[in-house]
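Dropping input_20.cif in here (mmCIF, C-alpha atoms):
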data_model
#
loop_
_atom_site.label_atom_id
_atom_site.label_comp_id
_atom_site.auth_asym_id
_atom_site.auth_seq_id
_atom_site.Cartn_x
_atom_site.Cartn_y
_atom_site.Cartn_z
CA MET A 1 86.81 123.26 202.94
CA GLY A 2 90.54 122.93 202.24
CA ASP A 3 92.40 125.58 200.26
CA ALA A 4 93.48 123.12 197.59
CA TYR A 5 89.91 121.92 197.06
CA GLN A 6 88.63 125.50 196.90
CA ASP A 7 91.29 126.45 194.36
CA LEU A 8 90.29 123.47 192.25
CA LEU A 9 86.66 124.57 192.37
CA LYS A 10 87.61 128.08 191.27
CA GLN A 11 89.56 126.73 188.31
CA ALA A 12 86.71 124.43 187.33
CA LEU A 13 84.18 127.28 187.62
CA THR A 14 86.32 129.62 185.50
CA SER A 15 86.67 126.94 182.83
CA TYR A 16 82.93 126.19 182.88
CA VAL A 17 82.02 129.88 182.62
CA GLN A 18 84.35 130.37 179.67
CA SER A 19 82.83 127.37 177.90
CA ILE A 20 79.37 128.95 178.34
CA LYS A 21 80.67 132.23 176.94
CA ASP A 22 82.22 130.46 173.96
CA GLU A 23 78.96 128.64 173.27
CA ARG A 24 77.00 131.91 173.56
CA SER A 25 79.29 133.56 171.01
CA LYS A 26 78.93 130.66 168.58
CA ARG A 27 75.13 130.64 168.88
CA LEU A 28 74.93 134.38 168.41
CA ASP A 29 77.03 134.22 165.25
CA CYS A 30 75.03 131.33 163.83
CA VAL A 31 71.48 132.21 164.93
CA GLY A 32 72.12 135.94 164.53
CA LYS A 33 72.61 135.52 160.78
CA ARG A 34 69.34 133.63 160.47
CA LEU A 35 67.44 136.20 162.56
CA HIS A 36 68.82 138.97 160.36
CA GLU A 37 67.70 137.19 157.20
CA VAL A 38 64.23 136.33 158.51
CA TYR A 39 63.34 139.28 160.76
CA GLY A 40 65.81 142.03 159.87
CA VAL A 41 67.30 142.19 163.36
CA CYS A 42 71.01 143.10 163.52
CA LEU A 43 73.72 142.06 165.95
CA ILE A 44 75.70 145.20 166.78
CA ASP A 45 78.54 146.17 169.09
CA SER A 46 77.41 147.63 172.38
CA GLU A 47 78.59 151.08 173.44
CA PRO A 48 82.03 151.54 175.01
CA LEU A 49 81.68 151.65 178.77
CA ASP A 50 81.78 155.28 179.84
CA ASP A 51 84.17 156.80 182.35
CA ALA A 52 81.57 157.52 185.00
CA SER A 53 81.94 155.86 188.36
CA ASP A 54 79.90 152.70 188.67
CA PRO A 55 76.52 153.43 190.35
CA HIS A 56 76.79 150.36 192.55
CA ASP A 57 79.91 151.62 194.32
CA PRO A 58 80.54 155.35 194.87
CA PHE A 59 83.93 154.50 196.33
CA ALA A 60 85.26 152.93 193.12
CA GLY A 61 87.37 154.58 190.45
CA SER A 62 86.58 155.25 186.82
CA LEU A 63 86.37 152.70 184.05
CA PRO A 64 88.17 152.61 180.72
CA GLY A 65 86.91 150.07 178.19
CA HIS A 66 85.44 146.58 178.30
CA GLY A 67 86.18 143.33 179.97
CA THR A 68 87.46 140.73 177.52
CA GLY A 69 85.76 137.56 178.68
CA GLY A 70 83.12 137.17 175.98
CA THR A 71 80.74 138.84 173.53
CA SER A 72 79.77 142.49 173.93
CA LYS A 73 77.16 142.48 171.17
CA VAL A 74 73.47 143.24 171.46
CA PHE A 75 70.59 142.69 169.03
CA ASP A 76 69.11 145.80 167.42
CA TYR A 77 65.68 145.99 165.74
CA SER A 78 64.58 149.14 163.89
CA ASP A 79 61.27 148.27 162.22
CA ALA A 80 57.72 148.66 163.50
CA ASP A 81 55.61 145.81 164.87
CA PRO A 82 58.18 142.99 165.43
CA ASP A 83 57.21 139.42 164.63
CA PRO A 84 56.29 137.50 167.85
CA GLU A 85 58.49 134.64 166.65
CA LEU A 86 61.49 136.94 166.94
CA LEU A 87 60.81 137.22 170.68
CA VAL A 88 60.62 133.43 170.92
CA SER A 89 64.10 133.20 169.37
CA LEU A 90 65.53 135.96 171.58
CA LYS A 91 64.13 134.29 174.69
CA ASP A 92 65.65 130.98 173.64
CA LEU A 93 69.03 132.68 173.08
CA ASN A 94 68.73 134.53 176.41
CA HIS A 95 70.28 137.64 174.88
CA PRO A 96 69.28 141.35 175.00
CA CYS A 97 67.72 143.29 172.14
CA ILE A 98 66.98 146.99 171.67
CA PHE A 99 63.75 147.84 169.85
CA ARG A 100 64.05 151.31 168.37
CA ALA A 101 61.33 153.98 168.26
CA GLY A 102 58.27 152.78 166.35
CA ALA A 103 58.08 149.27 167.81
CA VAL A 104 55.03 150.36 169.83
CA ASP A 105 52.45 153.11 169.35
CA TYR A 106 51.22 153.97 172.84
CA GLY A 107 49.65 157.26 173.87
CA CYS A 108 52.07 157.53 176.79
CA LEU A 109 54.97 158.18 174.42
CA SER A 110 53.47 161.55 173.49
CA ASP A 111 51.00 162.42 176.25
CA TRP A 112 53.38 161.74 179.15
CA GLN A 113 55.84 164.26 177.77
CA SER A 114 53.49 166.84 179.29
CA MET A 115 53.55 167.25 183.07
CA ALA A 116 50.27 169.17 182.78
CA TYR A 117 48.69 166.02 181.31
CA LEU A 118 50.16 163.79 184.03
CA ARG A 119 48.89 166.10 186.77
CA ALA A 120 45.44 166.31 185.21
CA GLN A 121 45.14 162.52 184.92
CA MET A 122 46.67 161.69 188.31
CA GLY A 123 45.26 164.57 190.35
CA ASP A 124 47.61 166.55 192.57
CA ASP A 125 46.32 164.89 195.74
CA ALA A 126 46.76 161.30 194.53
CA LEU A 127 49.03 159.36 196.88
CA VAL A 128 52.04 157.49 195.52
CA THR A 129 54.79 155.55 197.28
CA ALA A 130 58.14 157.33 197.06
CA ALA A 131 61.55 155.86 197.90
CA PHE A 132 64.18 158.15 199.44
CA THR A 133 67.94 157.62 199.73
CA PRO A 134 70.75 160.08 200.51
CA ASP A 135 72.61 159.44 197.24
CA GLY A 136 69.96 158.16 194.83
CA ARG A 137 71.00 154.50 195.10
CA ALA A 138 68.13 152.32 196.33
CA ASP A 139 68.79 148.71 197.39
CA ALA A 140 72.52 149.32 197.58
CA ILE A 141 75.69 148.59 199.49
CA SER A 142 76.59 151.53 201.73
CA ARG A 143 79.41 152.04 204.17
CA ILE A 144 78.65 152.58 207.85
CA GLY A 145 81.97 153.42 209.40
CA LYS A 146 84.37 150.76 208.19
CA ALA A 147 81.68 148.15 207.48
CA CYS A 148 79.46 147.70 204.42
CA HIS A 149 75.72 147.16 204.79
CA PHE A 150 72.94 146.41 202.32
CA VAL A 151 70.48 149.27 202.79
CA LEU A 152 66.90 149.65 201.55
CA PRO A 153 65.33 153.07 200.88
CA PHE A 154 63.01 154.91 203.22
CA GLU A 155 59.50 154.69 201.79
CA ARG A 156 56.47 156.84 202.46
CA GLN A 157 53.36 157.95 200.63
CA ILE A 158 53.30 161.51 199.34
CA SER A 159 51.01 163.42 197.01
CA PHE A 160 51.71 163.61 193.31
CA ARG A 161 51.99 167.39 193.75
CA GLN A 162 54.90 166.80 196.16
CA VAL A 163 56.58 164.56 193.58
CA VAL A 164 56.35 167.33 190.97
CA ASP A 165 57.65 169.89 193.45
CA TRP A 166 60.64 167.71 194.33
CA LEU A 167 61.49 167.10 190.66
CA GLY A 168 61.40 170.84 190.08
CA GLU A 169 63.61 171.63 193.06
CA PRO A 170 65.38 168.55 194.46
CA ARG A 171 65.93 168.79 198.21
CA LYS A 172 68.72 166.35 198.85
CA SER A 173 68.67 167.13 202.56
CA SER A 174 65.50 165.03 202.75
CA GLY A 175 66.83 162.39 200.35
CA VAL A 176 66.77 161.70 196.61
CA LEU A 177 63.26 160.76 195.47
CA TYR A 178 62.46 157.87 193.13
CA LEU A 179 59.10 156.26 192.34
CA GLN A 180 60.08 152.61 191.94
CA LEU A 181 57.29 150.50 193.45
CA GLN A 182 57.57 147.03 191.90
CA ASN A 183 54.17 145.46 192.58
CA GLY A 184 52.43 146.13 189.28
CA SER A 185 52.25 149.83 190.16
CA LEU A 186 50.73 150.94 186.84
CA GLY A 187 47.45 149.22 187.71
CA ARG A 188 47.58 150.34 191.33
CA GLU A 189 48.90 153.78 192.23
CA PHE A 190 48.96 154.91 188.58
CA ALA A 191 45.69 153.35 187.41
CA SER A 192 44.52 156.70 186.03
CA LEU A 193 47.37 156.52 183.49
CA ALA A 194 46.80 152.89 182.49
CA GLN A 195 44.65 153.92 179.51
CA ASP A 196 47.78 155.22 177.79
CA VAL A 197 49.72 151.93 177.75
CA ASP A 198 48.83 148.23 177.49
CA ALA A 199 49.39 146.72 180.93
CA CYS A 200 49.78 143.31 179.26
CA GLY A 201 52.66 144.58 177.15
CA PRO A 202 52.99 144.78 173.36
CA HIS A 203 51.12 142.03 171.55
CA TRP A 204 54.37 140.89 169.92
CA ALA A 205 56.02 140.34 173.32
CA ARG A 206 53.43 137.97 174.82
CA ALA A 207 55.71 135.03 173.98
CA LEU A 208 58.02 136.18 176.79
CA GLY A 209 55.52 134.80 179.32
CA HIS A 210 55.77 131.21 180.49
CA SER A 211 53.35 129.12 178.40
CA GLU A 212 52.19 127.11 181.42
CA HIS A 213 50.16 130.13 182.53
CA VAL A 214 48.77 131.27 179.18
CA GLY A 215 45.04 131.89 179.43
CA GLY A 216 44.93 132.44 183.18
CA ASP A 217 45.46 135.50 185.34
CA GLU A 218 49.05 134.44 185.96
CA SER A 219 49.84 135.02 182.27
CA ARG A 220 49.53 138.78 182.82
CA PRO A 221 52.92 140.42 183.37
CA LEU A 222 53.60 142.84 186.19
CA CYS A 223 53.62 146.35 184.74
CA ASN A 224 55.51 149.00 186.69
CA LEU A 225 56.03 152.75 186.32
CA TRP A 226 59.38 154.36 187.23
CA LEU A 227 59.71 158.11 187.76
CA GLY A 228 62.75 160.04 188.96
CA SER A 229 65.55 162.37 187.99
CA SER A 230 69.16 162.11 186.91
CA HIS A 231 70.07 161.85 190.61
CA SER A 232 68.77 158.27 190.77
CA ALA A 233 70.58 155.03 189.92
CA THR A 234 69.83 151.33 190.33
CA THR A 235 72.72 149.20 191.56
CA THR A 236 73.88 145.91 190.04
CA HIS A 237 71.43 143.03 190.50
CA ASN A 238 69.47 140.47 188.50
CA ASP A 239 65.81 139.42 188.41
CA PRO A 240 64.05 136.06 187.89
CA PHE A 241 61.78 137.61 185.24
CA GLU A 242 61.82 138.19 181.51
CA ASN A 243 61.93 142.00 181.38
CA LEU A 244 60.72 144.35 178.64
CA PHE A 245 61.68 147.93 179.51
CA MET A 246 60.29 151.01 177.70
CA GLN A 247 61.76 154.50 177.98
CA VAL A 248 59.11 157.22 177.82
CA THR A 249 60.84 160.46 178.86
CA GLY A 250 64.58 161.09 179.20
CA ARG A 251 67.31 158.48 178.71
CA LYS A 252 68.60 155.54 180.73
CA ARG A 253 71.97 153.84 180.51
CA PHE A 254 72.24 150.14 181.30
CA ILE A 255 75.38 148.17 182.05
CA LEU A 256 74.61 144.50 181.43
CA TRP A 257 76.41 141.28 182.34
CA PRO A 258 75.28 137.81 181.18
CA PRO A 259 74.12 135.35 183.87
CA GLU A 260 77.37 133.37 183.67
CA ASP A 261 79.23 136.39 185.03
CA VAL A 262 77.88 135.45 188.46
CA ALA A 263 81.39 134.08 189.00
CA PHE A 264 82.75 137.66 188.84
CA MET A 265 80.00 139.53 190.71
CA ARG A 266 81.70 139.25 194.12
CA GLU A 267 78.35 138.48 195.70
CA ARG A 268 78.35 137.87 199.45
CA GLU A 269 76.16 138.40 202.48
CA TYR A 270 76.03 141.81 204.17
CA PRO A 271 74.25 142.95 207.32
CA SER A 272 71.17 144.85 206.23
CA GLY A 273 69.29 148.00 207.14
CA ARG A 274 66.82 150.61 205.97
CA TYR A 275 67.06 154.39 205.79
CA ARG A 276 64.95 156.41 208.22
CA ALA A 277 63.22 159.67 207.30
CA ASP A 278 66.30 161.63 208.43
CA MET A 279 68.52 159.43 206.19
CA THR A 280 70.21 157.72 209.12
CA ILE A 281 70.18 153.92 208.96
CA ASP A 282 68.09 151.55 211.04
CA ARG A 283 70.42 148.56 211.16
CA SER A 284 69.51 144.89 211.16
CA GLU A 285 71.69 141.85 211.54
CA VAL A 286 69.58 139.88 209.05
CA PRO A 287 72.04 139.13 206.23
CA VAL A 288 71.30 139.87 202.57
CA ALA A 289 73.36 138.46 199.68
CA TRP A 290 74.20 141.20 197.18
CA PRO A 291 76.75 141.63 194.36
CA MET A 292 79.40 144.33 194.12
CA PRO A 293 81.45 143.55 191.01
CA ALA A 294 84.96 144.91 190.69
CA TRP A 295 85.25 148.25 188.94
CA PRO A 296 86.93 148.23 186.45
CA PRO A 297 85.36 144.81 185.79
CA ASP A 298 87.19 141.54 186.00
CA ALA A 299 88.93 140.98 182.65
CA ARG A 300 87.12 137.65 182.30
CA ALA A 301 83.68 139.30 182.57
CA SER A 302 81.59 140.50 179.61
CA PRO A 303 79.96 143.83 180.53
CA MET A 304 78.16 145.77 177.84
CA GLN A 305 76.58 149.21 177.84
CA VAL A 306 73.39 150.30 176.10
CA THR A 307 71.55 153.61 176.24
CA LEU A 308 67.78 153.64 175.90
CA ASN A 309 66.29 156.74 174.27
CA GLU A 310 62.71 157.98 174.32
CA GLY A 311 60.35 155.55 172.60
CA GLU A 312 62.82 152.65 172.67
CA LEU A 313 62.46 149.30 174.44
CA LEU A 314 65.03 146.88 175.83
CA TYR A 315 64.44 143.16 176.11
CA LEU A 316 66.45 142.19 179.19
CA PRO A 317 66.45 138.40 179.57
CA ALA A 318 65.94 136.76 182.94
CA MET A 319 68.95 136.57 185.28
CA TRP A 320 71.02 139.11 183.35
CA TRP A 321 72.90 141.34 185.79
CA HIS A 322 72.26 145.04 185.27
CA SER A 323 72.84 148.45 186.77
CA VAL A 324 70.88 151.46 185.53
CA ARG A 325 71.71 155.15 185.50
CA GLN A 326 69.27 157.90 184.57
CA VAL A 327 71.54 160.03 182.41
CA ASP A 328 69.08 162.56 181.00
CA SER A 329 65.88 164.09 182.34
CA ARG A 330 63.47 165.79 179.97
CA GLY A 331 59.85 166.81 179.46
CA ARG A 332 57.83 169.10 177.22
CA ASP A 333 56.73 171.17 180.21
CA GLY A 334 57.18 171.14 183.95
CA PRO A 335 60.29 169.87 185.72
CA PRO A 336 62.75 167.58 183.87
CA ARG A 337 62.19 163.93 184.63
CA CYS A 338 63.05 160.39 183.62
CA LEU A 339 59.95 158.24 183.14
CA SER A 340 59.81 154.56 182.18
CA VAL A 341 57.48 151.57 182.10
CA ASN A 342 58.46 147.92 182.29
CA TRP A 343 56.76 144.55 182.05
CA TRP A 344 57.98 141.52 184.00
CA TYR A 345 56.96 138.17 182.48
CA ASP A 346 57.07 134.80 184.25
CA LEU A 347 60.28 132.82 183.91
CA ASP A 348 60.08 129.13 183.07
CA PHE A 349 61.59 127.65 186.25
CA GLY A 350 61.55 124.22 184.67
CA GLY A 351 63.63 125.28 181.68
CA ALA A 352 67.30 124.89 180.78
CA HIS A 353 68.24 128.53 181.44
CA TRP A 354 67.09 128.36 185.06
CA ALA A 355 68.79 124.99 185.63
CA GLN A 356 72.10 126.32 184.28
CA TRP A 357 71.77 129.46 186.37
CA LYS A 358 71.25 127.52 189.62
CA LEU A 359 74.26 125.32 188.88
CA LEU A 360 76.43 128.39 188.24
CA GLU A 361 75.14 130.11 191.37
CA ARG A 362 75.87 127.15 193.62
CA LEU A 363 79.31 126.52 192.13
CA THR A 364 80.10 130.19 192.74
CA MET A 365 78.98 129.90 196.36
CA LEU A 366 81.12 126.80 196.88
CA SER A 367 84.19 128.31 195.25
CA ALA A 368 83.88 131.31 197.60
CA ALA A 369 83.39 129.03 200.64
CA ARG A 370 79.82 130.32 201.13
CA LEU A 371 78.78 126.90 202.36
CA ASP A 372 75.93 127.96 204.63
CA GLU A 373 74.29 129.95 201.82
CA CYS A 374 74.65 127.06 199.39
CA ARG A 375 73.20 124.64 201.94
CA ALA A 376 70.25 126.95 202.62
CA ASP A 377 69.58 127.34 198.90
CA LEU A 378 69.53 123.58 198.42
CA MET A 379 67.18 123.15 201.37
CA ASP A 380 64.79 125.76 199.93
CA CYS A 381 64.68 123.88 196.63
CA MET A 382 63.95 120.60 198.40
CA ALA A 383 61.21 122.07 200.59
#
So, in terms of structure tokens, how does the structure I just supplied come out?
Amino acid sequence: MGDAYQDLLKQALTSYVQSIKDERSKRLDCVGKRLHEVYGVCLIDSEPLDDASDPHDPFAGSLPGHGTGGTSKVFDYSDADPDPELLVSLKDLNHPCIFRAGAVDYGCLSDWQSMAYLRAQMGDDALVTAAFTPDGRADAISRIGKACHFVLPFERQISFRQVVDWLGEPRKSSGVLYLQLQNGSLGREFASLAQDVDACGPHWARALGHSEHVGGDESRPLCNLWLGSSHSATTTHNDPFENLFMQVTGRKRFILWPPEDVAFMREREYPSGRYRADMTIDRSEVPVAWPMPAWPPDARASPMQVTLNEGELLYLPAMWWHSVRQVDSRGRDGPPRCLSVNWWYDLDFGGAHWAQWKLLERLTMLSAARLDECRADLMDCMA
């Protein structure tokens, strides 16, 4: 691909992204007023980005302020029992919303504050899958010498008693522990706790699922439990699911980018690997595409920061980029911890949001001369 053609593609992509951002801002202003009048939801400014180093890149500097490429507002709902039609509107807008304490009334919000309760329900000898990394960043870009690799955590099953012991006295020499199994873990390894939370999600959030599957087993969301400490962070990525995330114990801080910021994510392929038990890396030459956005962010990007407190939920729309930092570990007894539950609902792959995302993704690949990746993606869609 010639340089002139690639430059033209970059200009066209930047213009297209900005037009999407402008349209998002207009829709938020217009629809936001109606949602406030009908449902009482407010459109508020997100938090200023803090000065901590970005969790996706420990080699980056600190960050003052926002990017300037688009809106940095998030919806905020403070009443109990939201109207399901509000979720329909939020899903259509493809924009995040924080639901403050009181939106759900699950036993986990009180009972799981007690480690004694968790141990009694789980049993000390129950086996759970734990992920270990040297720096708390699972599924992350790490440097090996002068080269960057995408590295997965070392995983092994340990007893719940060992989890509690590690939380009480972290032993970083053996890696930072995080329970992050993403296979519907609440109904699997944590089935003894499932009585304290609805695995199908709040009744008012069922509209987040794709209607094609309503009534069948596929309409059930995946419900996962996340347990770790303030040593753990999740690096920047996005997911092809509608995500409802509930904070039970401690606090989590999210940095969010809208899907159209794919143009500024600096995604490319890296050689991959996985940590061994001794925290050395078992390398692989199988490439993995992963983002590592500039920090401070590109001025054209639209990052926003939200902090989720105990009892609060975050609606994170499909394909929104996000990194997550556990900023506060708590608990009524036992070791401090950060404990969360999330529900992943099916995305409508035949809808307009997915079609726009795939167009943006492929244009970004072409503008970065990632021709082989773009070709492979097109072949997968045609298969």
Review point. How many Å separate CA of Thr249 in chain A from CA of Phe190 in chain A?
Key: 16.3 Å
**Study point:** Residues selected by the PyMOL selection byres ((chain A and resi 94-97) around 7), written as an MDAnalysis selection string
**Key:** chainID A and resid 74:76 90:93 98:99 314:317
Exercise for review: Could you please give me, as a PyMOL selection string, the residues of protein, DNA or RNA lying at most 6 Å from (77.0, 144.0, 190.2) in the coordinate frame of the file, considering all atoms listed in the file?
Suggested key: chain A and resi 236-237+265+291-293
Review point. Pick the closest to Arg268 in chain A from A:Cys374, A:Ala131, A:Ile281, A:Val163: which is it, counting all atoms listed in the file?
Key: A:Cys374
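Taking CA of Arg156 in chain A and CA of Phe132 in chain A as endpoints, the distance between them is 8.4 Å.
Rounded to one decimal, CA of Trp226 in chain A and CA of Gly187 in chain A lie 13.0 Å from each other.
For the residues A:Ile20, A:Leu49, A:Leu244, A:Leu127, ranking by smallest atom-to-atom distance to Gln305 in chain A using only C-alpha atoms places A:Leu49 first.
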Convert the output of the PyMOL selection byres ((chain A and resi 41) around 8) on the shown file into explicit residues, formatted as a PDB file with C-alpha atoms, in the coordinates of the input.
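Just written: out_8.pdb:
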ATOM      1  CA  GLY A  32      72.120 135.940 164.530  1.00  0.00           C
ATOM      2  CA  LEU A  35      67.440 136.200 162.560  1.00  0.00           C
ATOM      3  CA  HIS A  36      68.820 138.970 160.360  1.00  0.00           C
ATOM      4  CA  GLU A  37      67.700 137.190 157.200  1.00  0.00           C
ATOM      5  CA  TYR A  39      63.340 139.280 160.760  1.00  0.00           C
ATOM      6  CA  GLY A  40      65.810 142.030 159.870  1.00  0.00           C
ATOM      7  CA  CYS A  42      71.010 143.100 163.520  1.00  0.00           C
ATOM      8  CA  LEU A  43      73.720 142.060 165.950  1.00  0.00           C
ATOM      9  CA  PHE A  75      70.590 142.690 169.030  1.00  0.00           C
ATOM     10  CA  ASP A  76      69.110 145.800 167.420  1.00  0.00           C
ATOM     11  CA  TYR A  77      65.680 145.990 165.740  1.00  0.00           C
ATOM     12  CA  SER A  78      64.580 149.140 163.890  1.00  0.00           C
TER      13      SER A  78
END
Practice item. List, as a ChimeraX atom specification, every residue that the PyMOL selection byres ((chain A and resi 308) around 9) selects in the file provided. Key: /A:98,100,246-247,250-254,306-307,309-314
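Within 8 Å of range 197-199 of chain A, once only C-alpha atoms are used and residues closer than 2 positions along the same chain are dropped, the contacting residues are Tyr106, Gly107, Cys108, Leu186, Gly187, Leu193, Ala194, Gln195, Gly201, Pro202, Pro221, Leu222, Cys223 and Trp343 of chain A.
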Point to revise | Nearby residues (all atoms listed in the file) at most 9 Å from Ser272 in chain A, same-chain spacing under 2 positions excluded, as number ranges by chain | key: A: 141, 148-152, 269-270, 274, 282-288
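Distances to Leu118 in chain A were evaluated for A:Ser89, A:Ser174, A:Ser192, A:Gln162 using all atoms listed in the file, and the minimum falls at A:Ser192.
Within the 12 Å cut-off around Phe349 in chain A, using only C-alpha atoms and omitting residues fewer than 2 positions from it on the same chain, the listed residues are Gly209, His210, Ser211, Glu212, Pro240, Phe241, Glu242, Ala318, Met319, Asp346, Leu347, Gly351, Ala352, His353, Trp354, Ala355, Gln356, Trp357, Lys358 and Cys381 of chain A.
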